$ cat structure.txt   # compact mmCIF, C-alpha atoms
# COMPACT_ATOMS: atom_id res chain seq x y z
CA MET K 1 86.16 113.80 135.66
CA MET K 2 85.02 110.38 136.84
CA ALA K 3 81.98 111.91 138.48
CA GLU K 4 80.71 112.98 135.09
CA SER K 5 77.50 111.24 134.04
CA LYS K 6 77.59 109.08 130.93
CA PHE K 7 75.15 111.39 129.26
CA SER K 8 77.35 114.41 129.73
CA VAL K 9 80.34 112.46 128.36
CA LEU K 10 78.31 112.04 125.20
CA THR K 11 77.03 115.61 124.92
CA ASN K 12 80.32 117.20 125.87
CA GLY K 13 81.73 116.82 122.40
CA ILE K 14 78.59 118.04 120.72
CA LEU K 15 78.28 121.38 122.49
CA LYS K 16 80.53 122.38 125.36
CA GLN K 17 83.73 121.04 123.87
CA ASN K 18 82.77 121.07 120.22
CA PRO K 19 85.94 119.93 118.43
CA ILE K 20 85.74 122.49 115.63
CA PHE K 21 84.26 125.69 117.00
CA ILE K 22 85.49 125.48 120.60
CA GLN K 23 88.60 123.27 120.57
CA VAL K 24 89.58 124.25 117.00
CA LEU K 25 90.93 120.77 116.24
CA GLY K 26 91.17 118.96 112.91
CA MET K 27 91.20 122.07 110.78
CA CYS K 28 92.71 120.47 107.67
CA PRO K 29 89.80 118.12 106.83
CA THR K 30 87.34 120.75 108.09
CA LEU K 31 88.48 123.37 105.63
CA ALA K 32 89.06 120.95 102.77
CA THR K 33 85.89 118.87 102.78
CA THR K 34 83.14 121.34 103.64
CA THR K 35 82.48 122.54 100.11
CA SER K 36 78.98 121.09 100.39
CA ALA K 37 76.70 119.79 103.12
CA GLU K 38 76.79 116.28 101.66
CA ASN K 39 80.59 116.09 101.68
CA GLY K 40 80.66 117.40 105.24
CA LEU K 41 78.21 114.73 106.34
CA GLY K 42 80.14 111.91 104.63
CA MET K 43 83.46 113.03 106.07
CA GLY K 44 81.94 113.57 109.51
CA LEU K 45 80.37 110.11 109.67
CA ALA K 46 83.56 108.40 108.46
CA THR K 47 85.52 110.27 111.13
CA THR K 48 82.94 109.37 113.79
CA ALA K 49 83.25 105.69 112.91
CA VAL K 50 87.05 105.81 113.14
CA LEU K 51 86.93 107.85 116.35
CA ALA K 52 84.51 105.52 118.13
CA MET K 53 86.37 102.37 117.06
CA SER K 54 89.83 103.70 117.85
CA ASN K 55 88.65 104.97 121.25
CA ILE K 56 87.24 101.53 122.09
CA THR K 57 90.37 99.71 120.97
CA ILE K 58 92.76 102.08 122.70
CA SER K 59 90.76 101.94 125.90
CA LEU K 60 90.85 98.12 125.76
CA VAL K 61 94.62 97.92 125.35
CA ARG K 62 95.53 101.00 127.39
CA LYS K 63 97.09 98.99 130.21
CA LEU K 64 99.13 96.78 127.87
CA ILE K 65 100.89 99.57 126.01
CA PRO K 66 104.05 100.96 127.62
CA ASP K 67 103.94 104.71 128.10
CA LYS K 68 106.99 105.38 125.91
CA ILE K 69 105.50 103.98 122.73
CA ARG K 70 101.87 104.93 123.24
CA ILE K 71 101.80 107.53 120.44
CA PRO K 72 103.18 105.21 117.70
CA ALA K 73 100.89 102.46 118.97
CA TYR K 74 97.84 104.75 118.78
CA ILE K 75 98.79 105.88 115.30
CA VAL K 76 99.07 102.27 114.09
CA ILE K 77 95.62 101.50 115.52
CA ILE K 78 94.08 104.65 114.02
CA ALA K 79 95.71 104.15 110.60
CA SER K 80 94.46 100.56 110.51
CA PHE K 81 90.89 101.64 111.13
CA VAL K 82 91.13 104.37 108.50
CA THR K 83 92.50 101.91 105.92
CA MET K 84 89.71 99.52 106.82
CA ILE K 85 87.03 102.21 106.37
CA ASP K 86 88.61 103.23 103.08
CA MET K 87 88.51 99.66 101.73
CA LEU K 88 84.99 98.99 102.99
CA MET K 89 83.66 102.20 101.45
CA HIS K 90 85.45 101.44 98.16
CA GLY K 91 83.76 98.05 98.01
CA PHE K 92 80.29 98.82 99.32
CA VAL K 93 79.46 102.50 98.82
CA TYR K 94 81.36 103.14 95.62
CA ASP K 95 79.70 106.45 94.70
CA LEU K 96 80.31 108.05 98.09
CA TRP K 97 83.88 106.72 98.05
CA LYS K 98 84.41 108.36 94.67
CA THR K 99 83.54 111.80 96.00
CA LEU K 100 85.25 111.43 99.38
CA GLY K 101 88.06 109.11 98.32
CA LEU K 102 90.67 111.79 98.44
CA PHE K 103 89.81 112.83 101.97
CA ILE K 104 89.45 109.48 103.71
CA PRO K 105 93.24 108.98 104.21
CA LEU K 106 93.26 112.47 105.74
CA ILE K 107 91.39 111.09 108.75
CA VAL K 108 94.66 109.54 109.98
CA VAL K 109 96.17 112.95 110.51
CA ASN K 110 93.02 114.44 112.03
CA CYS K 111 94.26 115.51 115.44
CA ILE K 112 90.84 115.03 117.06
CA ILE K 113 91.34 111.29 116.85
CA LEU K 114 94.83 111.16 118.32
CA GLY K 115 93.78 113.91 120.72
CA ARG K 116 90.86 111.93 122.13
CA ALA K 117 92.95 108.75 122.28
CA GLU K 118 95.60 110.54 124.31
CA ALA K 119 93.36 112.73 126.45
CA TYR K 120 90.45 110.39 127.10
CA ALA K 121 90.56 106.79 125.87
CA SER K 122 93.96 106.11 127.44
CA LYS K 123 92.58 107.05 130.87
CA ASN K 124 88.97 105.85 130.87
CA ASN K 125 87.02 102.61 130.57
CA VAL K 126 85.66 101.21 127.34
CA LEU K 127 82.05 102.41 127.60
CA ARG K 128 83.01 105.96 128.50
CA SER K 129 85.65 106.05 125.78
CA PHE K 130 83.12 104.88 123.23
CA LEU K 131 80.61 107.53 124.34
CA ASP K 132 83.32 110.18 124.23
CA GLY K 133 84.34 109.13 120.71
CA LEU K 134 80.73 109.04 119.57
CA GLY K 135 79.97 112.46 121.08
CA MET K 136 83.07 114.10 119.67
CA GLY K 137 82.40 112.49 116.31
CA LEU K 138 78.80 113.69 116.25
CA GLY K 139 79.91 117.17 117.26
CA PHE K 140 82.47 117.10 114.46
CA THR K 141 79.85 115.85 111.99
CA ALA K 142 77.28 118.46 113.00
CA SER K 143 79.88 121.22 112.66
CA LEU K 144 80.99 119.99 109.23
CA VAL K 145 77.39 119.79 108.03
CA LEU K 146 76.69 123.29 109.34
CA LEU K 147 79.83 124.71 107.76
CA GLY K 148 79.17 122.81 104.54
CA SER K 149 75.56 124.04 104.42
CA VAL K 150 76.59 127.67 104.90
CA ARG K 151 79.25 127.42 102.19
CA GLU K 152 77.03 125.49 99.79
CA PHE K 153 74.13 127.89 100.35
CA LEU K 154 76.19 131.03 99.80
CA GLY K 155 78.36 129.57 97.05
CA ASN K 156 75.92 127.48 95.08
CA GLY K 157 72.47 128.52 96.30
CA SER K 158 71.59 125.04 97.56
CA ILE K 159 71.78 122.82 100.63
CA PHE K 160 72.19 119.04 100.16
CA ASN K 161 71.82 119.75 96.43
CA TYR K 162 68.35 121.14 97.11
CA HIS K 163 68.03 124.37 95.15
CA LEU K 164 67.13 127.35 97.36
CA SER K 165 68.37 130.57 95.82
CA ASP K 166 70.17 131.98 92.81
CA VAL K 167 72.83 133.77 94.82
CA LYS K 168 76.16 132.28 93.86
CA MET K 169 79.30 133.60 95.49
CA PHE K 170 81.89 131.18 94.18
CA ALA K 171 84.50 132.38 96.64
CA MET K 172 82.55 130.62 99.39
CA ILE K 173 83.15 127.23 97.77
CA LEU K 174 86.81 127.95 97.17
CA PRO K 175 89.42 127.91 99.98
CA PRO K 176 88.97 131.57 101.07
CA GLY K 177 85.28 130.89 101.75
CA ALA K 178 86.26 128.07 104.10
CA PHE K 179 88.27 130.42 106.29
CA ILE K 180 85.66 133.17 106.20
CA ALA K 181 82.72 130.88 107.05
CA LEU K 182 84.67 129.05 109.75
CA GLY K 183 85.79 132.32 111.32
CA MET K 184 82.27 133.74 111.40
CA LEU K 185 80.75 130.56 112.87
CA ALA K 186 83.51 130.20 115.48
CA ALA K 187 83.00 133.83 116.51
CA PHE K 188 79.27 133.24 116.81
CA PHE K 189 79.61 130.11 118.97
CA ASN K 190 82.21 131.69 121.21
CA TYR K 191 79.97 134.74 121.61
CA LEU K 192 77.15 132.45 122.78
CA GLY K 193 79.52 130.73 125.19
CA ILE K 194 80.79 133.98 126.66
CA ARG K 195 77.29 135.37 127.03
CA ARG K 196 76.16 132.23 128.84
CA SER K 197 79.04 132.26 131.29
CA LYS K 198 78.45 135.98 131.98
CA ALA K 199 74.78 135.28 132.67
CA LYS K 200 75.82 132.50 135.09
CA LYS K 201 78.17 134.84 136.92
CA ALA K 202 75.48 137.49 137.17
CA ALA K 203 73.03 134.93 138.58
CA LYS K 204 75.47 134.08 141.35
CA MET W 1 118.26 96.63 127.75
CA ARG W 2 115.27 94.53 128.77
CA ASP W 3 113.18 97.64 128.63
CA TYR W 4 114.14 98.37 125.01
CA LEU W 5 113.36 94.79 124.03
CA LYS W 6 110.01 94.92 125.75
CA THR W 7 108.87 98.13 124.05
CA GLY W 8 110.22 96.92 120.70
CA ILE W 9 108.40 93.62 120.95
CA THR W 10 105.16 95.31 122.07
CA LEU W 11 105.25 97.64 119.08
CA MET W 12 106.00 94.70 116.78
CA VAL W 13 103.07 92.72 118.15
CA ILE W 14 100.75 95.70 117.60
CA THR W 15 101.84 96.15 114.00
CA ILE W 16 101.56 92.43 113.28
CA ILE W 17 98.02 92.32 114.67
CA ALA W 18 97.09 95.43 112.65
CA ALA W 19 98.54 93.87 109.49
CA LEU W 20 96.65 90.63 110.09
CA VAL W 21 93.36 92.40 110.63
CA LEU W 22 93.88 94.52 107.51
CA SER W 23 94.75 91.51 105.37
CA VAL W 24 91.58 89.75 106.51
CA VAL W 25 89.48 92.82 105.66
CA TYR W 26 91.25 93.11 102.32
CA THR W 27 90.46 89.54 101.31
CA ILE W 28 86.83 90.17 102.21
CA VAL W 29 86.45 93.40 100.23
CA GLU W 30 88.73 92.51 97.30
CA GLU W 31 85.87 91.07 95.28
CA PRO W 32 83.28 93.79 96.06
CA ILE W 33 85.87 96.42 95.11
CA ALA W 34 86.58 94.77 91.76
CA ASN W 35 82.84 94.37 91.15
CA ALA W 36 82.13 98.00 92.00
CA GLU W 37 84.86 99.22 89.65
CA LEU W 38 83.72 96.92 86.86
CA GLY W 39 80.07 97.80 87.45
CA ALA W 40 80.80 101.50 87.10
CA LYS W 41 82.71 100.89 83.86
CA LEU W 42 80.01 98.66 82.38
CA ALA W 43 77.29 101.16 83.29
CA ALA W 44 79.30 103.89 81.57
CA ILE W 45 79.76 101.74 78.44
CA ARG W 46 76.03 101.11 78.27
CA ASN W 47 75.48 104.84 78.70
CA VAL W 48 77.74 105.91 75.83
CA LEU W 49 76.39 103.15 73.59
CA THR W 50 72.94 104.71 73.79
CA ASP W 51 72.07 106.65 70.65
CA ALA W 52 72.14 110.34 71.51
CA ASP W 53 69.23 111.15 69.19
CA SER W 54 66.85 108.19 69.46
CA GLY W 55 67.69 107.02 72.99
CA GLU W 56 67.99 103.42 71.77
CA LEU W 57 71.01 101.20 72.19
CA LEU W 58 73.45 101.25 69.28
CA ILE W 59 74.19 97.57 69.53
CA ALA W 60 71.89 94.71 70.43
CA GLU W 61 70.92 94.46 74.09
CA GLU W 62 72.35 90.95 74.44
CA SER W 63 75.76 91.93 73.13
CA ILE W 64 76.29 94.64 75.76
CA PRO W 65 79.04 93.20 77.99
CA GLU W 66 77.99 92.28 81.51
CA THR W 67 81.09 90.58 82.91
CA ALA W 68 84.82 91.21 82.76
CA SER W 69 85.38 88.35 80.32
CA GLU W 70 82.59 89.52 78.03
CA LEU W 71 84.10 92.99 78.04
CA ALA W 72 87.54 91.60 77.21
CA GLU W 73 86.17 90.20 73.95
CA PHE W 74 85.62 93.74 72.69
CA GLU W 75 89.13 95.00 73.44
CA TRP W 76 90.67 96.65 70.44
CA PHE W 77 94.38 97.17 69.82
CA PRO W 78 95.00 98.97 66.51
CA GLU W 79 98.28 98.29 64.71
CA GLY W 80 101.18 100.63 65.28
CA PHE W 81 100.22 101.48 68.85
CA THR W 82 101.78 100.07 71.98
CA ALA W 83 100.41 100.69 75.42
CA SER W 84 102.78 101.78 78.14
CA GLU W 85 101.67 102.30 81.73
CA GLY W 86 98.05 101.92 80.70
CA ILE W 87 98.24 104.70 78.10
CA ILE W 88 97.90 103.80 74.43
CA TYR W 89 98.05 107.25 72.88
CA GLN W 90 99.32 110.69 73.84
CA ALA W 91 97.81 113.64 71.96
CA VAL W 92 100.12 115.67 69.70
CA ASP W 93 99.59 118.82 71.77
CA SER W 94 100.08 116.54 74.85
CA GLN W 95 96.95 117.96 76.47
CA GLY W 96 95.17 114.64 76.52
CA ARG W 97 95.84 110.92 76.47
CA VAL W 98 93.93 107.74 75.78
CA GLU W 99 93.73 104.84 78.20
CA SER W 100 94.42 101.28 77.12
CA PRO W 101 92.50 99.22 76.13
CA ALA W 102 90.02 100.79 73.76
CA TYR W 103 86.92 98.82 72.77
CA LYS W 104 85.29 98.14 69.45
CA PHE W 105 81.67 97.12 68.96
CA LEU W 106 79.75 96.28 65.80
CA LYS W 107 76.34 97.67 64.97
CA ASP W 108 73.73 95.49 63.28
CA ASP W 109 74.24 97.37 60.01
CA GLY W 110 77.95 96.59 60.12
CA SER W 111 79.20 100.04 61.10
CA GLU W 112 81.77 100.21 63.87
CA VAL W 113 81.49 101.83 67.29
CA PHE W 114 84.66 102.70 69.17
CA VAL W 115 84.65 103.27 72.90
CA ALA W 116 87.69 104.67 74.67
CA ILE W 117 88.60 106.49 77.85
CA GLY W 118 90.34 109.84 77.51
CA ILE W 119 92.27 111.54 80.28
CA ALA W 120 93.27 115.20 80.66
CA VAL W 121 94.38 117.33 83.57
CA GLY W 122 91.59 119.31 85.24
CA TYR W 123 91.71 121.72 88.14
CA GLY W 124 92.92 119.35 90.83
CA GLY W 125 93.97 116.24 88.96
CA ASP W 126 93.05 113.92 86.13
CA VAL W 127 89.58 114.06 84.63
CA LYS W 128 88.61 110.82 82.89
CA SER W 129 85.86 110.58 80.32
CA MET W 130 84.56 107.67 78.31
CA ALA W 131 83.34 108.37 74.79
CA ALA W 132 81.74 106.39 71.96
CA PHE W 133 82.54 107.27 68.36
CA VAL W 134 80.52 105.77 65.50
CA LYS W 135 82.00 105.18 62.07
CA ASP W 136 79.45 104.96 59.27
CA SER W 137 79.06 106.16 55.68
CA ASP W 138 79.07 109.82 56.76
CA GLY W 139 82.41 109.52 58.54
CA VAL W 140 83.11 109.39 62.25
CA HIS W 141 80.86 111.13 64.75
CA LEU W 142 80.80 111.37 68.51
CA ASN W 143 77.74 109.63 69.92
CA GLY W 144 78.02 110.01 73.67
CA ILE W 145 80.29 110.65 76.61
CA LYS W 146 80.32 109.83 80.30
CA VAL W 147 82.67 111.60 82.70
CA LEU W 148 84.05 108.89 84.96
CA GLU W 149 86.50 110.60 87.28
CA TYR W 150 86.38 114.16 88.49
CA SER W 151 86.90 113.63 92.22
CA GLN W 152 89.51 116.35 92.54
CA GLU W 153 87.45 119.05 90.84
CA THR W 154 85.94 121.75 93.04
CA PRO W 155 82.52 120.68 94.37
CA GLY W 156 79.85 123.15 93.28
CA LEU W 157 82.03 124.34 90.41
CA GLY W 158 84.06 121.89 88.31
CA ALA W 159 82.43 118.88 89.91
CA ASN W 160 79.13 119.97 88.33
CA ILE W 161 80.52 118.14 85.31
CA ALA W 162 78.86 115.11 86.92
CA ASN W 163 75.41 116.45 85.97
CA ASP W 164 73.91 114.76 82.93
CA SER W 165 72.60 118.12 81.74
CA VAL W 166 76.19 119.36 81.52
CA GLN W 167 77.54 116.20 79.91
CA LYS W 168 74.78 116.32 77.27
CA ARG W 169 76.30 119.55 76.01
CA PHE W 170 79.29 117.55 74.74
CA TYR W 171 77.42 115.21 72.38
CA PRO W 172 76.49 114.35 69.70
CA ILE W 173 79.09 115.98 67.48
CA ASP W 174 79.13 115.38 63.73
CA SER W 175 82.28 114.52 61.80
CA GLN W 176 82.76 118.07 60.56
CA GLY W 177 82.64 119.30 64.13
CA LEU W 178 85.20 116.70 65.20
CA GLN W 179 87.57 117.76 62.44
CA LYS W 180 87.53 121.32 63.72
CA SER W 181 88.33 119.82 67.15
CA ILE W 182 86.18 120.20 70.21
CA LYS W 183 86.48 123.32 72.32
CA VAL W 184 84.41 125.01 74.99
CA ASP W 185 82.52 128.17 74.07
CA LYS W 186 84.81 130.41 76.08
CA ASP W 187 87.90 129.23 74.15
CA ALA W 188 86.04 129.56 70.86
CA GLY W 189 85.16 133.15 71.78
CA VAL W 190 81.45 132.76 71.10
CA THR W 191 78.37 132.37 73.27
CA PRO W 192 75.75 130.40 71.38
CA ILE W 193 72.19 130.61 72.71
CA GLY W 194 68.96 128.75 71.97
CA ASP W 195 69.06 126.50 68.89
CA GLN W 196 72.58 127.70 68.15
CA ILE W 197 73.90 125.64 71.10
CA ASP W 198 73.05 122.41 69.32
CA ILE W 199 73.98 123.58 65.83
CA ARG W 200 77.39 125.01 66.77
CA LYS W 201 78.15 121.83 68.71
CA ARG W 202 77.30 119.46 65.89
CA GLU W 203 78.87 121.45 63.09
CA ASP W 204 81.73 123.37 64.70
CA GLY W 205 82.54 121.28 67.78
CA ILE W 206 81.82 124.23 70.03
CA VAL W 207 80.53 122.99 73.38
CA THR W 208 78.46 125.55 75.28
CA VAL W 209 78.94 125.13 79.00
CA SER W 210 79.19 128.68 80.32
CA ASP W 211 75.45 128.81 81.05
CA VAL W 212 75.22 125.43 82.80
CA MET W 213 78.46 125.55 84.78
CA THR W 214 79.16 129.19 85.42
CA GLY W 215 82.54 129.90 86.88
CA ALA W 216 84.15 126.60 85.96
CA THR W 217 86.30 126.58 82.83
CA ILE W 218 89.16 124.20 83.52
CA THR W 219 87.09 121.05 84.02
CA PRO W 220 85.01 121.21 80.79
CA ARG W 221 88.19 122.16 78.95
CA ALA W 222 89.83 118.99 80.27
CA VAL W 223 86.88 116.95 78.98
CA ALA W 224 87.21 118.64 75.56
CA PHE W 225 90.96 117.84 75.49
CA SER W 226 90.38 114.20 76.37
CA LEU W 227 87.71 113.86 73.66
CA ASN W 228 90.06 115.42 71.11
CA ALA W 229 92.76 112.97 72.16
CA ILE W 230 90.44 110.02 71.50
CA SER W 231 89.35 111.50 68.18
CA GLU W 232 92.98 112.03 67.15
CA PHE W 233 93.85 108.50 68.25
CA LEU W 234 91.05 107.02 66.13
CA GLU W 235 92.11 109.03 63.11
CA LYS W 236 95.72 107.86 63.43
CA ALA W 237 94.50 104.30 63.83
CA GLY W 238 92.83 104.58 60.44
CA VAL W 239 89.29 105.19 61.62
CA ARG W 240 88.09 108.09 59.49
$ encode --input "structure.txt" --output "structure tokens"
Amino acid sequence: MMAESKFSVLTNGILKQNPIFIQVLGMCPTLATTTSAENGLGMGLATTAVLAMSNITISLVRKLIPDKIRIPAYIVIIASFVTMIDMLMHGFVYDLWKTLGLFIPLIVVNCIILGRAEAYASKNNVLRSFLDGLGMGLGFTASLVLLGSVREFLGNGSIFNYHLSDVKMFAMILPPGAFIALGMLAAFFNYLGIRRSKAKKAAK
Amino acid sequence: MRDYLKTGITLMVITIIAALVLSVVYTIVEEPIANAELGAKLAAIRNVLTDADSGELLIAEESIPETASELAEFEWFPEGFTASEGIIYQAVDSQGRVESPAYKFLKDDGSEVFVAIGIAVGYGGDVKSMAAFVKDSDGVHLNGIKVLEYSQETPGLGANIANDSVQKRFYPIDSQGLQKSIKVDKDAGVTPIGDQIDIRKREDGIVTVSDVMTGATITPRAVAFSLNAISEFLEKAGVR
């Protein structure tokens, strides 16, 4: 793992280990917030900020925290950052906070964040942990935007509120649409992955 | 034993540091948060105090409140009502309620303008709307509304209530329309089109939303309930 280049640490989360479509982590906020591309973007960026900051902090203190209490310690750190983001957004980007307000506290229970803290930040140095958090966060954001765009397009005929068509399948905006769209996209990305690994094998 | 103490103390230190950091951030953002909340409320008040027909302000520009203390001067507490838990009035059919305080403004010609915030349950939670009612020689009419909180409504469906084009369908409503109580077209069992949209709204209190927010019924209904609650509250407070 240590041999990995810094660049691949960053891109890992975006493609190869995409948190949503490949690792299938953090499903609760994924399904709940992707009713539109804009909401997906807001949620994704807030999560990225928390993920990068918590990865840095946890990597910094990783040698000070006894093994037995590492999970509660990580949760305290993560919850503090989420509360901070919530307060800052409330004060400075009031309109965005109004639409996303309900979902921000959900970031605490997003298992990507605890997952990366446990699997990566607690074992790697600060710079790598930051890059890992950033990459995973960007991968999460890109997936949410993609999922949100698909649902918004099919359900409301628009993407980022930009009107594109008059087809309106309301089910796509409602919870069933979240499962359907997520399932289709996950199948598509896994198909690409399988095809690529088969091609590699054949080349050998 | 030493081990337990060590882990306990470590965890305590972590929580104390986290609490300290959070308290520092809180003191920094406390003021911006209050300002943002107040700013949103003041902008909404200005919005509902704009004449729905002429587009001009109902009261003089300089008397529109711009700070919390200026706003407090307009607070209005009618006799016979007591506020509990921020609610001053609960509608008879208990579908809507009115937030405390309500506000009262005076027009240049002496007629009164009442601004209040009504709350009713939407699809996912409370929907809050501010409304301005004008009392003049013709009775009480609804001048304007602004939906303030709809964050738990479905994006793309109920949350479309945020669009001004949707909110415009709720006002103005004449006094005869208010007396028949406000309802959405689906509940009234009619589908007005063209000029009828405006006429049925003003005269019968029928708000046509089915063409501008297809598929969403619960959210506009909640707005109608909250407006009725305010209207009922004003009537009971002697504004008629």
$ residues_near_point --input "structure.txt" --point "(99.9, 105.8, 111.3)" --cutoff "12 Å" --atoms "all atoms listed in the file" --output "list in words"
Ile71, Pro72, Ala73, Tyr74, Ile75, Val76, Ile77, Ile78, Ala79, Ser80, Phe81, Val82, Thr83, Pro105, Leu106, Ile107, Val108, Val109, Asn110, Cys111, Ile113 and Leu114 of chain K; Ile14, Thr15 and Ala18 of chain W
$ residues_around --input "structure.txt" --residues "stretch 175-192 of chain W" --least-positions-apart "2" --cutoff "6 Å" --atoms "all atoms listed in the file" --output "PyMOL selection string"
chain W and resi 139-141+173+196-197+202-208+224
$ closest_residue --input "structure.txt" --among "K:Ile173, K:Leu31, K:Leu192, K:Ala119" --to "chain W" --atoms "all atoms listed in the file"
K:Ile173
$ closest_residue --input "structure.txt" --among "W:Gly238, W:Gly125, W:Gly96, W:Gly80" --to "chain K" --atoms "only C-alpha atoms"
W:Gly125
$ interface_residues --input "structure.txt" --of "chain W" --to "chain K" --cutoff "9 Å" --atoms "all atoms listed in the file" --output "PyMOL selection string"
chain W and resi 6-8+10-11+14-15+18-19+21-22+25-26+29-37+40+149-152+154-157+215
$ closest_residue --input "structure.txt" --among "W:Val239, W:Met130, W:Gly194, W:Phe225" --to "W:Val92" --atoms "only C-alpha atoms"
W:Phe225
$ residues_around --input "structure.txt" --residues "stretch 130-134 of chain K" --least-positions-apart "6" --cutoff "8 Å" --atoms "all atoms listed in the file" --output "JSON, numbers by chain"
{"K": [6, 9, 10, 12, 13, 48, 49, 51, 52, 53, 55, 56, 116, 120]}
$ atom_distance --input "structure.txt" --atom1 "atom CA of W:Ile230" --atom2 "atom CA of W:Thr214"
26.2 Å
$ atom_distance --input "structure.txt" --atom1 "atom CA of W:Phe170" --atom2 "atom CA of K:Ile159"
27.5 Å
$ atom_distance --input "structure.txt" --atom1 "atom CA of W:Ala162" --atom2 "atom CA of W:Val147"
6.7 Å
$ closest_residue --input "structure.txt" --among "K:Val150, K:Met172, K:Val126, K:Ile112" --to "K:Asn18" --atoms "only C-alpha atoms"
K:Ile112
$ residues_around --input "structure.txt" --residues "W:Val113" --least-positions-apart "2" --cutoff "8 Å" --atoms "only C-alpha atoms" --output "JSON, numbers by chain"
{"W": [104, 105, 106, 107, 111, 115, 132, 133, 134, 135]}
$ residues_around --input "structure.txt" --residues "W:Ile45" --least-positions-apart "5" --cutoff "10 Å" --atoms "only C-alpha atoms" --output "list in words"
Gly39, Ala40, Thr50, Ile64, Pro65, Leu71, Tyr103, Val115, Ala116, Met130, Ala131, Ala132, Gly144, Ile145 and Lys146 of chain W
$ closest_residue --input "structure.txt" --among "W:Val212, W:Val127, W:Ile17, W:Met1" --to "W:Asn160" --atoms "all atoms listed in the file"
W:Val212
$ closest_residue --input "structure.txt" --among "W:Leu142, W:Ala60, W:Ala102, W:Ala43" --to "W:Ile87" --atoms "only C-alpha atoms"
W:Ala102
$ decode --input "structure.txt" --residues "stretch 141-152 of chain K" --atoms "N, CA and C atoms" --output "PDB file, in the first residue's frame"
ATOM      1  N   THR K 141     -18.979  12.808  -4.161  1.00  0.00           N
ATOM      2  CA  THR K 141     -19.686  13.947  -4.740  1.00  0.00           C
ATOM      3  C   THR K 141     -20.084  13.685  -6.183  1.00  0.00           C
ATOM      4  N   ALA K 142     -19.118  13.190  -6.972  1.00  0.00           N
ATOM      5  CA  ALA K 142     -19.403  12.933  -8.386  1.00  0.00           C
ATOM      6  C   ALA K 142     -20.544  11.928  -8.517  1.00  0.00           C
ATOM      7  N   SER K 143     -20.527  10.888  -7.681  1.00  0.00           N
ATOM      8  CA  SER K 143     -21.586   9.879  -7.757  1.00  0.00           C
ATOM      9  C   SER K 143     -22.933  10.472  -7.380  1.00  0.00           C
ATOM     10  N   LEU K 144     -22.953  11.308  -6.330  1.00  0.00           N
ATOM     11  CA  LEU K 144     -24.215  11.919  -5.913  1.00  0.00           C
ATOM     12  C   LEU K 144     -24.757  12.834  -7.007  1.00  0.00           C
ATOM     13  N   VAL K 145     -23.854  13.606  -7.638  1.00  0.00           N
ATOM     14  CA  VAL K 145     -24.296  14.509  -8.699  1.00  0.00           C
ATOM     15  C   VAL K 145     -24.855  13.705  -9.870  1.00  0.00           C
ATOM     16  N   LEU K 146     -24.150  12.610 -10.216  1.00  0.00           N
ATOM     17  CA  LEU K 146     -24.611  11.768 -11.318  1.00  0.00           C
ATOM     18  C   LEU K 146     -25.987  11.183 -11.003  1.00  0.00           C
ATOM     19  N   LEU K 147     -26.101  10.614  -9.813  1.00  0.00           N
ATOM     20  CA  LEU K 147     -27.367  10.002  -9.414  1.00  0.00           C
ATOM     21  C   LEU K 147     -28.479  11.056  -9.345  1.00  0.00           C
ATOM     22  N   GLY K 148     -28.121  12.216  -8.772  1.00  0.00           N
ATOM     23  CA  GLY K 148     -29.094  13.303  -8.669  1.00  0.00           C
ATOM     24  C   GLY K 148     -29.528  13.792 -10.040  1.00  0.00           C
ATOM     25  N   SER K 149     -28.567  13.892 -10.982  1.00  0.00           N
ATOM     26  CA  SER K 149     -28.899  14.356 -12.331  1.00  0.00           C
ATOM     27  C   SER K 149     -29.853  13.387 -13.011  1.00  0.00           C
ATOM     28  N   VAL K 150     -29.549  12.086 -12.905  1.00  0.00           N
ATOM     29  CA  VAL K 150     -30.397  11.080 -13.542  1.00  0.00           C
ATOM     30  C   VAL K 150     -31.814  11.168 -12.971  1.00  0.00           C
ATOM     31  N   ARG K 151     -31.908  11.250 -11.631  1.00  0.00           N
ATOM     32  CA  ARG K 151     -33.235  11.288 -11.018  1.00  0.00           C
ATOM     33  C   ARG K 151     -33.972  12.576 -11.350  1.00  0.00           C
ATOM     34  N   GLU K 152     -33.228  13.697 -11.325  1.00  0.00           N
ATOM     35  CA  GLU K 152     -33.877  14.980 -11.611  1.00  0.00           C
ATOM     36  C   GLU K 152     -34.326  15.029 -13.068  1.00  0.00           C
TER      37      GLU K 152
END
